[in-house]
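To start, the structure under review is shown below, and the notes come after it.
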Amino acid sequence: MMKTKAGIIGLGAYLPEKVMTNADLEKLVETSDEWIRTRTGISERRIAHKEETTSDLAVHAARMALKDANLMPEDIELIILATITPDMPFPATSCFVQAKLGAKNAACFDINAACSGFIHELTIAQQFIETGMYKRILVIGVELLSRFIDWNDRSTCVLFGDGAGAAVIAPVKSGGLLSSYLGADGTKSRLLMFPAGGSVNPASHETVTQGLHFLKMEGNEVFKNAVRVMTDAVNRAIEKAGLTTKDIDCIIPHQANRRIIEAVIERVGIPSDRAFVNVERYGNMSAASAIVALYEAVKEGRVKKGDKVLMVAFGSGFVWGSCVIEW
């Protein structure tokens, strides 16, 4: 009997209307368009409306993915949502999404895998599909990072943006997920974090005045580790799929920083014209970046039927992941 294969049958994305350009940031902090573009490759990012929540962004993307898959909300059996910026610590943001969608038949849970959230949830969904437990799974990567950024810290506020992406995972007769690889190094967890709001530093007057509820990052260390482990993750996923770099039609690396992307592509030996990059338009959207990039790559014809797509990401934890999908 042939093994059930898991693949993507629907994609959707949502980007808030408000665009914040580098020129806008020049009015907030001591920075410049040239400084930001030279070091990150970012020109603009999207910022959610003050009334929008993380679950609102997720629902917009989910509806698009369901329409693309020709499914109704009640057809979904499981919702997996990846985010580091939930509506609230609990309940799970996926439960709010379920209610807003009307996906009454779906089980729900969230995962926290930062920027590699999509690859983690795709790998999880694959297990449910291949064992036959579920047949239609909605996975969502969504972030509302603008609420957690110190807009006086030019080392971080220039990097991040808001957005959401969604995919429907189901059994497919051909193609699908060929391989995946996940990794972690918790010894470096303090290099990228939200220090307060949990059991270590519960919310208090002191944590608020000290700015501990904002994202903190040691950029140079994050950069070095990202390049090293993403390079290794690419090679592992390709090897597990029984392929070589020559077989990869499109690589979609995490959209964090153009210099990281260029360094990884150069190290693994995949031609730069096979890389899909949209970081200049959206900045780093953490868990949303990978799905939005895949959605746009398909929409723009950069990924076509039969293509082999390699995705790789690295994020806080440190955690990372890679996968190869035959489209």
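Chain labels A, B, ... are given in the sequence in which chains occur in the structure tokens; within each chain residues are numbered consecutively from 1, and ligands are likewise numbered from 1 in the order shown.
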Exercise. Could you pull the residues within 9 Å of Ala65 of chain A, counting only C-alpha atoms, minus those fewer than 2 positions along the same chain, as number ranges by chain?
Worked result: A: 9-13, 60-63, 67-71, 138, 165-168
If you take only C-alpha atoms and a cut-off of 12 Å, which residues of segment 90-114 of chain A touch segment 272-288 of chain A, and what are their nearest atom pairs and distances in Å to one decimal, in chain and number order, as a tab-separated table?
```
residue	atom	partner	partner_atom	distance
A:Asp110	CA	A:Ala287	CA	11.7
A:Ile111	CA	A:Ala287	CA	10.0
A:Asn112	CA	A:Ala287	CA	8.9
A:Ala113	CA	A:Ala287	CA	7.6
A:Ala114	CA	A:Ala287	CA	5.6
```
Can you check which residues of segment 61-254 of chain A DSSP gives as strand (DSSP E or B) on the backbone and send them as a PDB file with C-alpha atoms, in the first residue's frame?
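Listed below is the output, result.pdb:
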```pdb
ATOM      1  CA  LEU A  78      -7.239  20.882  12.856  1.00  0.00           C
ATOM      2  CA  ILE A  79      -5.842  24.414  13.138  1.00  0.00           C
ATOM      3  CA  ILE A  80      -2.172  24.895  14.012  1.00  0.00           C
ATOM      4  CA  LEU A  81      -1.117  28.505  14.537  1.00  0.00           C
ATOM      5  CA  ALA A  82       2.486  29.670  14.862  1.00  0.00           C
ATOM      6  CA  ALA A 107      -9.150  20.985  17.060  1.00  0.00           C
ATOM      7  CA  CYS A 108      -6.748  23.856  17.799  1.00  0.00           C
ATOM      8  CA  PHE A 109      -3.322  24.526  19.220  1.00  0.00           C
ATOM      9  CA  ASP A 110      -0.550  27.132  18.960  1.00  0.00           C
ATOM     10  CA  ILE A 111       3.180  26.620  18.634  1.00  0.00           C
ATOM     11  CA  ILE A 137      -5.379  20.882   8.330  1.00  0.00           C
ATOM     12  CA  LEU A 138      -5.112  24.671   8.381  1.00  0.00           C
ATOM     13  CA  VAL A 139      -1.699  26.014   9.359  1.00  0.00           C
ATOM     14  CA  ILE A 140      -1.168  29.720  10.010  1.00  0.00           C
ATOM     15  CA  GLY A 141       1.914  31.848  10.605  1.00  0.00           C
ATOM     16  CA  VAL A 142       1.052  35.273  11.979  1.00  0.00           C
ATOM     17  CA  GLU A 143       2.768  38.107  13.832  1.00  0.00           C
ATOM     18  CA  LEU A 144       1.834  41.531  15.117  1.00  0.00           C
ATOM     19  CA  PHE A 160      10.195  43.936  11.850  1.00  0.00           C
ATOM     20  CA  ASP A 162       3.205  42.655  10.737  1.00  0.00           C
ATOM     21  CA  GLY A 163       1.482  40.071   8.544  1.00  0.00           C
ATOM     22  CA  ALA A 164      -0.066  36.636   8.230  1.00  0.00           C
ATOM     23  CA  GLY A 165       0.053  33.639   5.933  1.00  0.00           C
ATOM     24  CA  ALA A 166      -1.959  30.430   5.841  1.00  0.00           C
ATOM     25  CA  ALA A 167      -1.865  27.068   4.102  1.00  0.00           C
ATOM     26  CA  VAL A 168      -4.216  24.105   3.889  1.00  0.00           C
ATOM     27  CA  ILE A 169      -2.451  20.755   4.230  1.00  0.00           C
ATOM     28  CA  ALA A 170      -4.101  17.599   2.898  1.00  0.00           C
ATOM     29  CA  PRO A 171      -3.293  14.219   1.310  1.00  0.00           C
ATOM     30  CA  VAL A 172      -1.942  14.566  -2.237  1.00  0.00           C
ATOM     31  CA  GLY A 176       4.026  17.167  -1.436  1.00  0.00           C
ATOM     32  CA  LEU A 177       6.480  17.361   1.431  1.00  0.00           C
ATOM     33  CA  LEU A 178       9.586  15.368   0.487  1.00  0.00           C
ATOM     34  CA  SER A 179      11.688  16.012   3.587  1.00  0.00           C
ATOM     35  CA  SER A 180      12.036  18.177   6.653  1.00  0.00           C
ATOM     36  CA  TYR A 181      14.630  18.853   9.312  1.00  0.00           C
ATOM     37  CA  LEU A 182      14.268  20.634  12.663  1.00  0.00           C
ATOM     38  CA  GLY A 183      16.929  21.758  15.132  1.00  0.00           C
ATOM     39  CA  ALA A 184      17.452  23.798  18.284  1.00  0.00           C
ATOM     40  CA  LEU A 192      16.756  36.979  21.102  1.00  0.00           C
ATOM     41  CA  MET A 193      13.785  37.273  23.436  1.00  0.00           C
ATOM     42  CA  LYS A 216      15.659  42.353  22.742  1.00  0.00           C
ATOM     43  CA  MET A 217      18.290  41.046  20.367  1.00  0.00           C
ATOM     44  CA  CYS A 250      13.358  27.749  -5.884  1.00  0.00           C
ATOM     45  CA  ILE A 251      14.788  28.430  -2.435  1.00  0.00           C
ATOM     46  CA  ILE A 252      12.717  30.486  -0.005  1.00  0.00           C
ATOM     47  CA  PRO A 253      14.928  31.476   2.922  1.00  0.00           C
TER      48      PRO A 253
END
```
Residue list (alpha helix (DSSP H), DSSP) for segment 48-278 of chain A, as a tab-separated table (two decimals) with N, CA and C atoms, in the first residue's frame:
```tsv
chain	number	residue	atom	x	y	z
A	54	THR	N	-3.84	39.96	16.47
A	54	THR	CA	-3.14	38.86	15.79
A	54	THR	C	-4.13	37.90	15.16
A	55	SER	N	-5.19	37.56	15.89
A	55	SER	CA	-6.17	36.62	15.34
A	55	SER	C	-6.92	37.23	14.14
A	56	ASP	N	-7.11	38.54	14.12
A	56	ASP	CA	-7.75	39.18	12.97
A	56	ASP	C	-6.90	38.99	11.71
A	57	LEU	N	-5.60	39.23	11.84
A	57	LEU	CA	-4.70	39.06	10.70
A	57	LEU	C	-4.74	37.61	10.22
A	58	ALA	N	-4.73	36.69	11.19
A	58	ALA	CA	-4.73	35.26	10.86
A	58	ALA	C	-6.00	34.86	10.10
A	59	VAL	N	-7.14	35.38	10.51
A	59	VAL	CA	-8.41	35.03	9.89
A	59	VAL	C	-8.44	35.49	8.43
A	60	HIS	N	-7.95	36.67	8.14
A	60	HIS	CA	-7.90	37.16	6.76
A	60	HIS	C	-7.12	36.19	5.87
A	61	ALA	N	-5.92	35.78	6.33
A	61	ALA	CA	-5.09	34.87	5.55
A	61	ALA	C	-5.75	33.50	5.44
A	62	ALA	N	-6.38	33.04	6.53
A	62	ALA	CA	-7.02	31.73	6.53
A	62	ALA	C	-8.17	31.66	5.53
A	63	ARG	N	-8.96	32.71	5.47
A	63	ARG	CA	-10.08	32.72	4.52
A	63	ARG	C	-9.59	32.61	3.08
A	64	MET	N	-8.48	33.28	2.78
A	64	MET	CA	-7.92	33.20	1.44
A	64	MET	C	-7.44	31.78	1.13
A	65	ALA	N	-6.80	31.15	2.10
A	65	ALA	CA	-6.28	29.79	1.90
A	65	ALA	C	-7.42	28.80	1.71
A	66	LEU	N	-8.49	28.96	2.48
A	66	LEU	CA	-9.65	28.08	2.34
A	66	LEU	C	-10.30	28.24	0.97
A	67	LYS	N	-10.42	29.48	0.51
A	67	LYS	CA	-10.99	29.73	-0.81
A	67	LYS	C	-10.12	29.11	-1.90
A	68	ASP	N	-8.80	29.24	-1.73
A	68	ASP	CA	-7.86	28.68	-2.71
A	68	ASP	C	-7.96	27.15	-2.75
A	93	THR	N	-4.34	31.45	20.58
A	93	THR	CA	-4.87	32.33	19.54
A	93	THR	C	-5.61	31.54	18.47
A	94	SER	N	-5.21	30.30	18.24
A	94	SER	CA	-5.90	29.46	17.26
A	94	SER	C	-7.36	29.25	17.64
A	95	CYS	N	-7.68	29.29	18.93
A	95	CYS	CA	-9.08	29.14	19.35
A	95	CYS	C	-9.89	30.37	18.96
A	96	PHE	N	-9.30	31.56	19.07
A	96	PHE	CA	-9.98	32.77	18.62
A	96	PHE	C	-10.20	32.72	17.11
A	97	VAL	N	-9.19	32.21	16.40
A	97	VAL	CA	-9.30	32.09	14.94
A	97	VAL	C	-10.42	31.11	14.58
A	98	GLN	N	-10.47	29.98	15.28
A	98	GLN	CA	-11.52	28.99	15.02
A	98	GLN	C	-12.91	29.61	15.15
A	99	ALA	N	-13.09	30.37	16.24
A	99	ALA	CA	-14.40	31.00	16.48
A	99	ALA	C	-14.74	32.02	15.41
A	100	LYS	N	-13.77	32.85	15.02
A	100	LYS	CA	-14.02	33.88	14.03
A	100	LYS	C	-14.28	33.30	12.64
A	101	LEU	N	-13.62	32.17	12.34
A	101	LEU	CA	-13.82	31.51	11.05
A	101	LEU	C	-15.11	30.72	11.00
A	117	GLY	N	8.39	29.02	12.51
A	117	GLY	CA	7.09	28.49	12.85
A	117	GLY	C	6.41	27.71	11.73
A	118	PHE	N	6.48	28.23	10.50
A	118	PHE	CA	5.79	27.55	9.40
A	118	PHE	C	6.39	26.18	9.13
A	119	ILE	N	7.70	26.08	9.13
A	119	ILE	CA	8.33	24.79	8.86
A	119	ILE	C	8.03	23.80	9.99
A	120	HIS	N	7.99	24.29	11.22
A	120	HIS	CA	7.63	23.41	12.33
A	120	HIS	C	6.19	22.92	12.20
A	121	GLU	N	5.25	23.83	11.93
A	121	GLU	CA	3.86	23.40	11.87
A	121	GLU	C	3.57	22.56	10.63
A	122	LEU	N	4.28	22.82	9.54
A	122	LEU	CA	4.14	21.99	8.35
A	122	LEU	C	4.61	20.56	8.64
A	123	THR	N	5.71	20.44	9.38
A	123	THR	CA	6.23	19.12	9.75
A	123	THR	C	5.28	18.40	10.69
A	124	ILE	N	4.68	19.13	11.62
A	124	ILE	CA	3.70	18.54	12.53
A	124	ILE	C	2.47	18.07	11.75
A	125	ALA	N	1.98	18.94	10.87
A	125	ALA	CA	0.79	18.59	10.08
A	125	ALA	C	1.04	17.35	9.23
A	126	GLN	N	2.24	17.22	8.71
A	126	GLN	CA	2.58	16.06	7.89
A	126	GLN	C	2.34	14.76	8.65
A	127	GLN	N	2.69	14.75	9.94
A	127	GLN	CA	2.52	13.52	10.73
A	127	GLN	C	1.04	13.15	10.84
A	128	PHE	N	0.19	14.14	11.08
A	128	PHE	CA	-1.25	13.87	11.21
A	128	PHE	C	-1.84	13.36	9.89
A	129	ILE	N	-1.37	13.94	8.78
A	129	ILE	CA	-1.88	13.51	7.46
A	129	ILE	C	-1.41	12.10	7.14
A	130	GLU	N	-0.12	11.82	7.34
A	130	GLU	CA	0.42	10.53	6.96
A	130	GLU	C	-0.09	9.38	7.83
A	131	THR	N	-0.45	9.67	9.08
A	131	THR	CA	-1.02	8.63	9.93
A	131	THR	C	-2.51	8.45	9.70
A	154	ARG	N	16.79	51.76	17.51
A	154	ARG	CA	16.98	51.66	16.06
A	154	ARG	C	17.58	50.33	15.63
A	155	SER	N	18.17	49.57	16.56
A	155	SER	CA	18.75	48.29	16.20
A	155	SER	C	17.70	47.22	15.96
A	156	THR	N	16.48	47.43	16.47
A	156	THR	CA	15.42	46.44	16.26
A	156	THR	C	14.20	46.99	15.51
A	157	CYS	N	13.85	48.25	15.74
A	157	CYS	CA	12.58	48.74	15.17
A	157	CYS	C	12.59	48.81	13.65
A	205	HIS	N	5.35	47.12	37.47
A	205	HIS	CA	5.71	48.49	37.14
A	205	HIS	C	7.17	48.56	36.70
A	206	GLU	N	8.04	47.78	37.36
A	206	GLU	CA	9.47	47.80	37.04
A	206	GLU	C	9.75	47.24	35.64
A	207	THR	N	9.08	46.13	35.30
A	207	THR	CA	9.36	45.55	33.98
A	207	THR	C	8.89	46.46	32.85
A	208	VAL	N	7.82	47.20	33.12
A	208	VAL	CA	7.31	48.13	32.10
A	208	VAL	C	8.25	49.32	31.95
A	209	THR	N	8.65	49.92	33.06
A	209	THR	CA	9.52	51.09	32.99
A	209	THR	C	10.90	50.74	32.43
A	219	GLY	N	22.23	41.40	17.85
A	219	GLY	CA	22.20	41.23	16.41
A	219	GLY	C	23.38	40.49	15.80
A	220	ASN	N	24.59	40.80	16.20
A	220	ASN	CA	25.77	40.17	15.60
A	220	ASN	C	25.80	38.67	15.85
A	221	GLU	N	25.46	38.26	17.07
A	221	GLU	CA	25.46	36.84	17.40
A	221	GLU	C	24.34	36.11	16.67
A	222	VAL	N	23.19	36.75	16.57
A	222	VAL	CA	22.07	36.15	15.84
A	222	VAL	C	22.45	35.95	14.38
A	223	PHE	N	23.08	36.94	13.79
A	223	PHE	CA	23.50	36.88	12.39
A	223	PHE	C	24.43	35.69	12.15
A	224	LYS	N	25.47	35.58	12.97
A	224	LYS	CA	26.46	34.51	12.78
A	224	LYS	C	25.84	33.13	12.92
A	225	ASN	N	25.01	32.96	13.93
A	225	ASN	CA	24.38	31.66	14.15
A	225	ASN	C	23.38	31.34	13.05
A	226	ALA	N	22.64	32.34	12.59
A	226	ALA	CA	21.65	32.12	11.55
A	226	ALA	C	22.29	31.59	10.27
A	227	VAL	N	23.37	32.22	9.86
A	227	VAL	CA	24.05	31.79	8.63
A	227	VAL	C	24.57	30.37	8.77
A	228	ARG	N	25.16	30.07	9.90
A	228	ARG	CA	25.77	28.74	10.11
A	228	ARG	C	24.72	27.63	10.10
A	229	VAL	N	23.67	27.79	10.91
A	229	VAL	CA	22.72	26.68	11.04
A	229	VAL	C	21.77	26.59	9.84
A	230	MET	N	21.45	27.73	9.21
A	230	MET	CA	20.60	27.66	8.02
A	230	MET	C	21.33	26.95	6.88
A	231	THR	N	22.62	27.19	6.76
A	231	THR	CA	23.41	26.49	5.74
A	231	THR	C	23.37	24.99	5.98
A	232	ASP	N	23.58	24.59	7.22
A	232	ASP	CA	23.54	23.16	7.56
A	232	ASP	C	22.15	22.58	7.33
A	233	ALA	N	21.11	23.34	7.70
A	233	ALA	CA	19.74	22.85	7.55
A	233	ALA	C	19.36	22.65	6.09
A	234	VAL	N	19.82	23.54	5.22
A	234	VAL	CA	19.57	23.38	3.79
A	234	VAL	C	20.16	22.07	3.29
A	235	ASN	N	21.41	21.83	3.64
A	235	ASN	CA	22.08	20.61	3.18
A	235	ASN	C	21.41	19.35	3.70
A	236	ARG	N	20.94	19.39	4.95
A	236	ARG	CA	20.28	18.22	5.54
A	236	ARG	C	18.95	17.91	4.85
A	237	ALA	N	18.15	18.94	4.59
A	237	ALA	CA	16.86	18.71	3.94
A	237	ALA	C	17.03	18.17	2.52
A	238	ILE	N	18.00	18.72	1.80
A	238	ILE	CA	18.26	18.24	0.44
A	238	ILE	C	18.71	16.79	0.46
A	239	GLU	N	19.60	16.46	1.39
A	239	GLU	CA	20.10	15.08	1.50
A	239	GLU	C	18.98	14.11	1.87
A	240	LYS	N	18.14	14.51	2.82
A	240	LYS	CA	17.04	13.64	3.25
A	240	LYS	C	16.04	13.40	2.12
A	258	ARG	N	18.69	40.70	4.19
A	258	ARG	CA	19.21	40.30	2.88
A	258	ARG	C	20.64	39.77	2.97
A	259	ARG	N	21.43	40.31	3.87
A	259	ARG	CA	22.81	39.83	3.99
A	259	ARG	C	22.87	38.38	4.46
A	260	ILE	N	21.96	38.00	5.38
A	260	ILE	CA	21.89	36.60	5.81
A	260	ILE	C	21.49	35.71	4.65
A	261	ILE	N	20.47	36.15	3.90
A	261	ILE	CA	19.99	35.38	2.75
A	261	ILE	C	21.11	35.16	1.75
A	262	GLU	N	21.83	36.22	1.41
A	262	GLU	CA	22.90	36.12	0.43
A	262	GLU	C	24.02	35.21	0.90
A	263	ALA	N	24.35	35.29	2.19
A	263	ALA	CA	25.43	34.45	2.75
A	263	ALA	C	25.05	32.98	2.70
A	264	VAL	N	23.82	32.66	3.04
A	264	VAL	CA	23.38	31.26	3.04
A	264	VAL	C	23.35	30.70	1.62
A	265	ILE	N	22.80	31.46	0.69
A	265	ILE	CA	22.72	31.00	-0.70
A	265	ILE	C	24.10	30.75	-1.28
A	266	GLU	N	25.02	31.65	-0.98
A	266	GLU	CA	26.39	31.50	-1.48
A	266	GLU	C	27.04	30.24	-0.90
A	267	ARG	N	26.84	30.00	0.37
A	267	ARG	CA	27.47	28.85	1.01
A	267	ARG	C	26.94	27.51	0.51
A	268	VAL	N	25.65	27.44	0.22
A	268	VAL	CA	25.08	26.16	-0.23
A	268	VAL	C	25.22	25.96	-1.73
```
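Candidate residues A:Thr187, A:Gln210, A:Asn152, A:Ser316 were compared for distance to Thr31 of chain A, and the nearest is A:Asn152, using only C-alpha atoms.
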Problem set entry | Neighbour list for Pro89 of chain A as number ranges by chain, cut-off 12 Å, only C-alpha atoms, skip fewer than 6 positions in-chain | A: 83, 110, 112, 197-199, 202
Problem set entry | Selection near Leu28 of chain A, 8 Å with only C-alpha atoms, sequence-local residues under 3 positions removed, as an NGL selection string | :A and (24-25 or 151-152)
Selected residues written out, C-alpha atoms, as a compact mmCIF listing (two decimals), in the first residue's frame:
```txt
# COMPACT_ATOMS: atom_id res chain seq x y z
CA ASP A 24 8.98 57.31 8.21
CA LEU A 25 11.47 55.70 10.59
CA TRP A 151 10.33 52.32 18.54
CA ASN A 152 13.22 54.18 20.19
```
Problem set entry | Lys188 of chain A environment, 7 Å, only C-alpha atoms, sequence neighbours closer than 3 positions dropped, as a list in words | Asp185, Leu191, Gly317 and Phe318 of chain A
Problem set entry | Counting only C-alpha atoms, the residue of A:Ser322, A:Thr85, A:Asn257, A:Ser174 that sits nearest Arg37 of chain A | A:Asn257
